[in-house]
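**Q** Sharing a structure, written as structure tokens. Questions coming.
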Amino acid sequence: MDNKREYPTYEAIEEHIRRARIERSVALGNFIATIVHGAIQGLASVGHILQRGMQPAPRRRGLET
């Protein structure tokens, strides 16, 4: 069944639907990429905080008499 031959007036509607699906796919891909990027940045900041915590505290000078 060839819709283009039987219903030529619906070809523009089919193209519109096809473009809408592509736009939705791009938007969903951007959303997923944003979530992944945020998760990676969050893990990197946690790693940075843990790394800072592993460094020894600066020594304080004692009271001299």
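Residue names in the structure tokens use chain letters A, B, ... in the order shown, residue numbers from 1 in each chain, and ligand numbers from 1 in the order shown.
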Enumerate, as a JSON list (two decimals) with C-alpha atoms, in the first residue's frame, the complete set of residues in chain A that a backbone-based DSSP assignment places in alpha helix (DSSP H).
**A**
[["chain", "number", "residue", "atom", "x", "y", "z"],
["A", 3, "ASN", "CA", 0.06, 6.20, 0.71],
["A", 4, "LYS", "CA", 1.72, 8.73, -1.58],
["A", 5, "ARG", "CA", -0.12, 7.35, -4.59],
["A", 6, "GLU", "CA", -3.47, 6.82, -2.86],
["A", 11, "GLU", "CA", 2.21, 13.79, 2.06],
["A", 12, "ALA", "CA", 2.73, 17.21, 3.67],
["A", 13, "ILE", "CA", 1.15, 15.98, 6.91],
["A", 14, "GLU", "CA", 3.40, 12.92, 6.94],
["A", 15, "GLU", "CA", 6.44, 15.15, 6.45],
["A", 16, "HIS", "CA", 5.29, 17.37, 9.33],
["A", 17, "ILE", "CA", 4.89, 14.33, 11.60],
["A", 18, "ARG", "CA", 8.32, 13.03, 10.56],
["A", 19, "ARG", "CA", 9.95, 16.35, 11.42],
["A", 20, "ALA", "CA", 8.14, 16.49, 14.76],
["A", 21, "ARG", "CA", 9.46, 13.02, 15.64],
["A", 22, "ILE", "CA", 13.00, 14.08, 14.74],
["A", 23, "GLU", "CA", 12.70, 17.24, 16.86],
["A", 24, "ARG", "CA", 11.39, 15.18, 19.77],
["A", 25, "SER", "CA", 14.31, 12.78, 19.42],
["A", 26, "VAL", "CA", 16.79, 15.65, 19.44],
["A", 27, "ALA", "CA", 15.16, 17.21, 22.50],
["A", 28, "LEU", "CA", 15.21, 13.88, 24.34],
["A", 29, "GLY", "CA", 18.85, 13.35, 23.38],
["A", 30, "ASN", "CA", 19.76, 16.80, 24.69],
["A", 31, "PHE", "CA", 17.90, 16.08, 27.93],
["A", 32, "ILE", "CA", 19.75, 12.80, 28.45],
["A", 33, "ALA", "CA", 23.10, 14.44, 27.61],
["A", 34, "THR", "CA", 22.41, 17.19, 30.14],
["A", 35, "ILE", "CA", 21.63, 14.65, 32.85],
["A", 36, "VAL", "CA", 24.78, 12.64, 32.11],
["A", 37, "HIS", "CA", 26.92, 15.78, 32.03],
["A", 38, "GLY", "CA", 25.50, 16.96, 35.36],
["A", 39, "ALA", "CA", 26.08, 13.55, 36.95],
["A", 40, "ILE", "CA", 29.70, 13.52, 35.76],
["A", 41, "GLN", "CA", 30.27, 17.04, 37.09],
["A", 42, "GLY", "CA", 28.69, 16.05, 40.40],
["A", 43, "LEU", "CA", 30.92, 13.01, 40.73],
["A", 44, "ALA", "CA", 33.96, 15.09, 39.84],
["A", 45, "SER", "CA", 33.12, 17.64, 42.54],
["A", 46, "VAL", "CA", 32.62, 14.87, 45.10],
["A", 47, "GLY", "CA", 36.00, 13.43, 44.11],
["A", 48, "HIS", "CA", 37.57, 16.87, 44.48],
["A", 49, "ILE", "CA", 36.06, 17.30, 47.96],
["A", 50, "LEU", "CA", 37.25, 13.85, 49.02],
["A", 51, "GLN", "CA", 40.71, 14.57, 47.66],
["A", 52, "ARG", "CA", 40.87, 17.82, 49.62],
["A", 53, "GLY", "CA", 39.84, 15.94, 52.75],
["A", 54, "MET", "CA", 42.75, 13.53, 52.34]]
